[in-house]
file final.cif (mmCIF, C-alpha atoms)
data_run
loop_
_atom_site.group_PDB
_atom_site.id
_atom_site.type_symbol
_atom_site.label_atom_id
_atom_site.label_comp_id
_atom_site.auth_asym_id
_atom_site.auth_seq_id
_atom_site.Cartn_x
_atom_site.Cartn_y
_atom_site.Cartn_z
ATOM 1 C CA MET P 1 242.823 79.956 10.399
ATOM 2 C CA ASP P 2 244.782 82.428 8.285
ATOM 3 C CA LEU P 3 245.616 85.941 9.514
ATOM 4 C CA LYS P 4 243.076 87.642 7.228
ATOM 5 C CA THR P 5 240.193 85.469 8.531
ATOM 6 C CA HIS P 6 241.319 86.017 12.120
ATOM 7 C CA ILE P 7 241.392 89.810 11.649
ATOM 8 C CA ARG P 8 237.897 89.756 10.076
ATOM 9 C CA LYS P 9 236.586 87.724 13.020
ATOM 10 C CA ILE P 10 238.043 90.198 15.531
ATOM 11 C CA PHE P 11 236.648 93.150 13.541
ATOM 12 C CA ARG P 12 233.122 91.634 13.482
ATOM 13 C CA LYS P 13 233.239 91.009 17.230
ATOM 14 C CA GLU P 14 234.414 94.596 17.926
ATOM 15 C CA LYS P 15 231.808 96.028 15.553
ATOM 16 C CA LYS P 16 229.078 94.081 17.370
ATOM 17 C CA LYS P 17 230.357 95.317 20.745
ATOM 18 C CA ASN P 18 230.216 98.913 19.536
ATOM 19 C CA LEU P 19 226.645 98.430 18.314
ATOM 20 C CA TYR P 20 225.581 97.448 21.826
ATOM 21 C CA HIS P 21 227.280 100.418 23.535
ATOM 22 C CA CYS P 22 228.164 98.359 26.576
ATOM 23 C CA VAL P 23 231.008 96.371 28.079
ATOM 24 C CA TYR P 24 230.608 92.618 28.165
ATOM 25 C CA ASP P 25 232.657 89.441 28.239
ATOM 26 C CA GLU P 26 233.234 87.343 25.134
ATOM 27 C CA THR P 27 231.236 84.550 26.822
ATOM 28 C CA THR P 28 228.208 86.801 27.336
ATOM 29 C CA LYS P 29 225.263 86.012 25.061
ATOM 30 C CA ILE P 30 223.238 88.998 23.887
ATOM 31 C CA HIS P 31 220.354 87.334 22.055
ATOM 32 C CA ASP P 32 218.800 88.733 18.882
ATOM 33 C CA GLU P 33 215.663 89.900 20.703
ATOM 34 C CA ALA P 34 217.693 91.870 23.285
ATOM 35 C CA GLN P 35 217.803 95.668 23.177
ATOM 36 C CA ILE P 36 220.576 97.750 24.675
ATOM 37 C CA VAL P 37 219.677 101.420 24.756
ATOM 38 C CA ASN P 38 222.594 103.358 26.187
ATOM 39 C CA CYS P 39 221.646 106.980 25.600
ATOM 40 C CA GLN P 40 224.914 108.142 27.166
ATOM 41 C CA LYS P 41 227.024 106.402 24.517
ATOM 42 C CA ASN P 42 229.409 105.646 27.394
ATOM 43 C CA ASN P 43 229.986 101.909 27.073
ATOM 44 C CA ALA P 44 230.998 101.635 30.752
ATOM 45 C CA ALA P 45 227.477 102.718 31.821
ATOM 46 C CA ILE P 46 226.266 99.174 31.064
ATOM 47 C CA THR P 47 228.425 96.178 31.990
ATOM 48 C CA ILE P 48 227.485 92.523 31.659
ATOM 49 C CA GLY P 49 229.489 89.714 33.254
ATOM 50 C CA ALA P 50 230.762 86.450 31.863
ATOM 51 C CA TYR P 51 228.329 83.715 30.782
ATOM 52 C CA SER P 52 225.269 85.936 31.263
ATOM 53 C CA HIS P 53 222.342 85.786 28.804
ATOM 54 C CA ILE P 54 220.400 88.923 27.874
ATOM 55 C CA ARG P 55 217.057 88.604 26.079
ATOM 56 C CA GLY P 56 215.345 91.741 27.448
ATOM 57 C CA GLN P 57 216.120 95.461 27.400
ATOM 58 C CA LEU P 58 218.789 97.444 29.237
ATOM 59 C CA HIS P 59 218.204 101.203 29.156
ATOM 60 C CA THR P 60 220.193 104.156 30.499
ATOM 61 C CA PHE P 61 219.262 107.796 29.947
ATOM 62 C CA PRO P 62 221.132 110.823 28.532
ATOM 63 C CA HIS P 63 221.383 112.414 31.992
ATOM 64 C CA GLY P 64 222.803 109.273 33.664
ATOM 65 C CA GLY P 65 222.303 105.719 34.768
ATOM 66 C CA ASN P 66 224.436 102.653 35.337
ATOM 67 C CA ILE P 67 223.545 98.996 34.957
ATOM 68 C CA LYS P 68 225.941 96.361 36.207
ATOM 69 C CA ILE P 69 225.038 92.700 35.682
ATOM 70 C CA GLY P 70 227.238 89.981 37.189
ATOM 71 C CA GLU P 71 228.274 86.582 35.904
ATOM 72 C CA TYR P 72 225.932 83.707 35.005
ATOM 73 C CA CYS P 73 222.834 85.930 35.033
ATOM 74 C CA TYR P 74 219.711 85.700 32.885
ATOM 75 C CA LEU P 75 217.375 88.503 31.772
ATOM 76 C CA GLY P 76 214.249 87.089 30.143
ATOM 77 C CA GLU P 77 212.283 88.193 27.103
ATOM 78 C CA TYR P 78 210.413 91.506 27.374
ATOM 79 C CA SER P 79 212.039 92.301 30.726
ATOM 80 C CA LYS P 80 213.339 95.840 31.086
ATOM 81 C CA ILE P 81 215.910 97.409 33.345
ATOM 82 C CA TRP P 82 215.655 101.210 33.267
ATOM 83 C CA SER P 83 218.341 103.179 35.077
ATOM 84 C CA SER P 84 218.877 106.869 35.657
ATOM 85 C CA LEU P 85 221.135 106.261 38.688
ATOM 86 C CA ASP P 86 222.348 102.741 39.519
ATOM 87 C CA VAL P 87 221.105 99.167 39.153
ATOM 88 C CA GLU P 88 223.496 96.500 40.383
ATOM 89 C CA ILE P 89 222.799 92.802 39.832
ATOM 90 C CA GLY P 90 225.027 90.178 41.453
ATOM 91 C CA ASN P 91 226.087 86.795 40.126
ATOM 92 C CA ASN P 92 223.772 83.870 39.307
ATOM 93 C CA VAL P 93 220.646 86.053 39.277
ATOM 94 C CA LEU P 94 217.644 84.848 37.265
ATOM 95 C CA ILE P 95 215.217 87.500 36.033
ATOM 96 C CA SER P 96 212.276 85.932 34.251
ATOM 97 C CA HIS P 97 210.256 87.386 31.349
ATOM 98 C CA ASN P 98 208.133 90.561 31.504
ATOM 99 C CA VAL P 99 209.905 91.965 34.587
ATOM 100 C CA ASN P 100 210.292 95.743 35.014
ATOM 101 C CA ILE P 101 213.076 97.242 37.132
ATOM 102 C CA PHE P 102 213.414 101.013 37.406
ATOM 103 C CA ASP P 103 215.452 103.130 39.807
ATOM 104 C CA ASP P 104 213.412 106.359 39.650
ATOM 105 C CA THR P 105 209.788 107.500 39.643
ATOM 106 C CA THR P 106 209.826 107.541 35.782
ATOM 107 C CA HIS P 107 207.967 110.900 35.703
ATOM 108 C CA PRO P 108 207.636 113.827 38.136
ATOM 109 C CA ILE P 109 204.972 113.505 40.832
ATOM 110 C CA ASP P 110 203.697 117.078 40.320
ATOM 111 C CA PRO P 111 201.162 117.012 37.416
ATOM 112 C CA ILE P 112 202.369 120.305 35.851
ATOM 113 C CA LYS P 113 205.988 119.120 35.860
ATOM 114 C CA ARG P 114 204.879 115.680 34.642
ATOM 115 C CA ARG P 115 203.081 117.276 31.685
ATOM 116 C CA ALA P 116 206.199 119.321 30.801
ATOM 117 C CA HIS P 117 208.398 116.248 31.174
ATOM 118 C CA ALA P 118 206.170 114.195 28.865
ATOM 119 C CA ALA P 119 206.148 117.023 26.293
ATOM 120 C CA LYS P 120 209.982 117.017 26.237
ATOM 121 C CA ILE P 121 209.990 113.260 25.649
ATOM 122 C CA PHE P 122 207.392 113.555 22.857
ATOM 123 C CA GLU P 123 209.332 116.351 21.154
ATOM 124 C CA SER P 124 212.909 115.158 21.372
ATOM 125 C CA SER P 125 213.219 111.838 23.185
ATOM 126 C CA PHE P 126 214.599 111.790 26.717
ATOM 127 C CA PRO P 127 215.806 115.171 28.007
ATOM 128 C CA MET P 128 219.314 115.639 29.397
ATOM 129 C CA GLU P 129 218.027 116.986 32.723
ATOM 130 C CA MET P 130 215.693 114.898 34.857
ATOM 131 C CA ASP P 131 215.446 116.833 38.118
ATOM 132 C CA GLU P 132 212.158 115.533 39.475
ATOM 133 C CA LEU P 133 212.577 111.757 39.224
ATOM 134 C CA ASP P 134 214.081 111.118 42.687
ATOM 135 C CA PRO P 135 216.325 108.190 41.693
ATOM 136 C CA LYS P 136 217.474 105.656 44.288
ATOM 137 C CA PRO P 137 219.815 102.714 43.629
ATOM 138 C CA ILE P 138 218.614 99.136 43.250
ATOM 139 C CA LYS P 139 220.679 96.126 44.253
ATOM 140 C CA ILE P 140 219.798 92.513 43.499
ATOM 141 C CA CYS P 141 222.205 90.223 45.339
ATOM 142 C CA ASN P 142 223.755 86.908 44.267
ATOM 143 C CA ASP P 143 221.503 83.923 43.567
ATOM 144 C CA ALA P 144 218.239 85.901 43.634
ATOM 145 C CA TRP P 145 215.333 84.846 41.397
ATOM 146 C CA ILE P 146 212.791 87.377 40.120
ATOM 147 C CA GLY P 147 209.580 85.749 38.874
ATOM 148 C CA CYS P 148 207.807 86.756 35.669
ATOM 149 C CA MET P 149 205.731 89.925 35.467
ATOM 150 C CA SER P 150 207.234 91.364 38.672
ATOM 151 C CA ILE P 151 208.091 95.012 39.256
ATOM 152 C CA ILE P 152 211.110 96.158 41.279
ATOM 153 C CA THR P 153 210.923 99.822 42.302
ATOM 154 C CA ARG P 154 213.593 102.371 43.200
ATOM 155 C CA GLY P 155 215.676 102.076 46.346
ATOM 156 C CA VAL P 156 215.090 98.340 46.808
ATOM 157 C CA THR P 157 217.695 95.759 47.794
ATOM 158 C CA ILE P 158 216.843 92.115 47.174
ATOM 159 C CA GLY P 159 218.990 89.927 49.422
ATOM 160 C CA LYS P 160 221.094 86.901 48.620
ATOM 161 C CA ALA P 161 219.136 83.895 47.288
ATOM 162 C CA ALA P 162 215.793 85.671 47.784
ATOM 163 C CA ILE P 163 212.853 84.817 45.525
ATOM 164 C CA VAL P 164 210.279 87.277 44.223
ATOM 165 C CA ALA P 165 207.130 85.355 43.234
ATOM 166 C CA ALA P 166 205.564 85.937 39.823
ATOM 167 C CA GLY P 167 203.479 89.098 39.504
ATOM 168 C CA SER P 168 204.865 90.774 42.624
ATOM 169 C CA VAL P 169 205.429 94.500 43.146
ATOM 170 C CA VAL P 170 208.517 95.000 45.313
ATOM 171 C CA THR P 171 208.564 98.392 47.048
ATOM 172 C CA LYS P 172 210.671 97.472 50.111
ATOM 173 C CA ASN P 173 213.882 95.568 50.761
ATOM 174 C CA VAL P 174 213.739 91.778 50.663
ATOM 175 C CA GLU P 175 215.814 89.945 53.263
ATOM 176 C CA PRO P 176 218.270 87.230 52.172
ATOM 177 C CA TYR P 177 216.782 83.721 51.749
ATOM 178 C CA THR P 178 213.237 85.132 51.837
ATOM 179 C CA ILE P 179 210.361 84.467 49.434
ATOM 180 C CA VAL P 180 208.047 87.426 48.830
ATOM 181 C CA GLY P 181 204.873 87.731 46.787
ATOM 182 C CA GLY P 182 201.907 89.983 46.131
ATOM 183 C CA ASN P 183 201.211 93.665 45.629
ATOM 184 C CA PRO P 184 202.867 95.087 47.599
ATOM 185 C CA ALA P 185 205.214 92.120 48.066
ATOM 186 C CA LYS P 186 205.223 90.559 51.531
ATOM 187 C CA LYS P 187 207.073 87.606 53.005
ATOM 188 C CA ILE P 188 205.399 84.317 52.101
ATOM 189 C CA GLY P 189 208.178 81.848 52.836
ATOM 190 C CA GLU P 190 211.850 81.105 53.219
ATOM 191 C CA VAL P 191 214.489 79.639 50.927
ATOM 192 C CA PRO P 192 216.227 76.562 52.391
ATOM 193 C CA ARG P 193 219.876 77.138 53.260
#
call {"tool": "encode", "arguments": {"input": "final.cif", "output": "structure tokens"}}
result
Amino acid sequence: MDLKTHIRKIFRKEKKKNLYHCVYDETTKIHDEAQIVNCQKNNAAITIGAYSHIRGQLHTFPHGGNIKIGEYCYLGEYSKIWSSLDVEIGNNVLISHNVNIFDDTTHPIDPIKRRAHAAKIFESSFPMEMDELDPKPIKICNDAWIGCMSIITRGVTIGKAAIVAAGSVVTKNVEPYTIVGGNPAKKIGEVPR
């Protein structure tokens, strides 16, 4: 490969990285259907580890949010991770399609404040200040598997090698090597060690 071709290749790779507004390894695969919405324009707010595949959406807000995805992870089609504080995903985590993960209440609980919040979003996208959303960090530990159409809510830790069955709503911590299912998710089994 001549120097000119090599420089063009590096430039294309850097241009693509800047389009995503995140930090990721050269082995990471961000598929065409993926969406990375980093409203902070701080690339370090979203990091994706080596050999991970992203097909869904990663979203941080103007007022804050951090998403850290480890190595050898998978985020399926139409899945969304919304962060206004902190979402940390370990290594070898599988997140199926149509999963929603969000680390805040998404709108204020008080109806008057919720109406004002929605009006700000309608008028000018996401506001810089989000006082009433009560964010709490989410952690999904190594080797966990999140089944399709599940919801992971704020403040939840999903333990090592745990499985969340399809269609579950997780509102409380999941112990390591535990299988949970339902709405709200409850223990339905154990993962062999």
call {"tool": "closest_residue", "arguments": {"input": "final.cif", "among": "P:Val156, P:Leu133, P:Ala144, P:Ile81", "to": "Arg114 (chain P)", "atoms": "only C-alpha atoms"}}
result
P:Leu133
call {"tool": "residues_near_point", "arguments": {"input": "final.cif", "point": "(209.4, 95.3, 31.4)", "cutoff": "12 Å", "atoms": "all atoms listed in the file", "output": "ChimeraX atom specification"}}
result
/P:35,55-59,75-82,95-102,148-153,167
call {"tool": "atom_distance", "arguments": {"input": "final.cif", "atom1": "CA of Ile138 (chain P)", "atom2": "CA of Gly90 (chain P)"}}
result
11.2 Å
call {"tool": "closest_residue", "arguments": {"input": "final.cif", "among": "P:Gly182, P:Glu88, P:Thr47, P:Lys172", "to": "Gly155 (chain P)", "atoms": "all atoms listed in the file"}}
result
P:Lys172
call {"tool": "closest_residue", "arguments": {"input": "final.cif", "among": "P:Asn43, P:Ser83, P:Asn183, P:Thr178", "to": "Thr105 (chain P)", "atoms": "only C-alpha atoms"}}
result
P:Ser83
call {"tool": "atom_distance", "arguments": {"input": "final.cif", "atom1": "CA of Thr157 (chain P)", "atom2": "CA of Leu85 (chain P)"}}
result
14.3 Å
call {"tool": "residues_around", "arguments": {"input": "final.cif", "residues": "Asn91 (chain P)", "least_positions_apart": "6", "cutoff": "8 Å", "atoms": "only C-alpha atoms", "output": "PyMOL selection string"}}
result
chain P and resi 69-73+141-143
call {"tool": "write_last_selection", "arguments": {"input": "final.cif", "atoms": "C-alpha atoms", "output": "PDB file, in the frame of the given file"}}
result
ATOM      1  CA  ILE P  69     225.038  92.700  35.682  1.00  0.00           C
ATOM      2  CA  GLY P  70     227.238  89.981  37.189  1.00  0.00           C
ATOM      3  CA  GLU P  71     228.274  86.582  35.904  1.00  0.00           C
ATOM      4  CA  TYR P  72     225.932  83.707  35.005  1.00  0.00           C
ATOM      5  CA  CYS P  73     222.834  85.930  35.033  1.00  0.00           C
ATOM      6  CA  CYS P 141     222.205  90.223  45.339  1.00  0.00           C
ATOM      7  CA  ASN P 142     223.755  86.908  44.267  1.00  0.00           C
ATOM      8  CA  ASP P 143     221.503  83.923  43.567  1.00  0.00           C
TER       9      ASP P 143
END
call {"tool": "atom_distance", "arguments": {"input": "final.cif", "atom1": "CA of Asn66 (chain P)", "atom2": "CA of Ser84 (chain P)"}}
result
7.0 Å
call {"tool": "closest_residue", "arguments": {"input": "final.cif", "among": "P:Pro135, P:Lys68, P:Thr171, P:Thr28", "to": "His53 (chain P)", "atoms": "all atoms listed in the file"}}
result
P:Thr28
call {"tool": "resolve_selection", "arguments": {"input": "final.cif", "expression": "the PyMOL selection byres ((chain P and resi 186) around 10)", "output": "ChimeraX atom specification"}}
result
/P:164-165,168-172,174,178-185,187-189
call {"tool": "closest_residue", "arguments": {"input": "final.cif", "among": "P:Ile46, P:Ile163, P:Val87, P:Ile54", "to": "Thr27 (chain P)", "atoms": "only C-alpha atoms"}}
result
P:Ile54
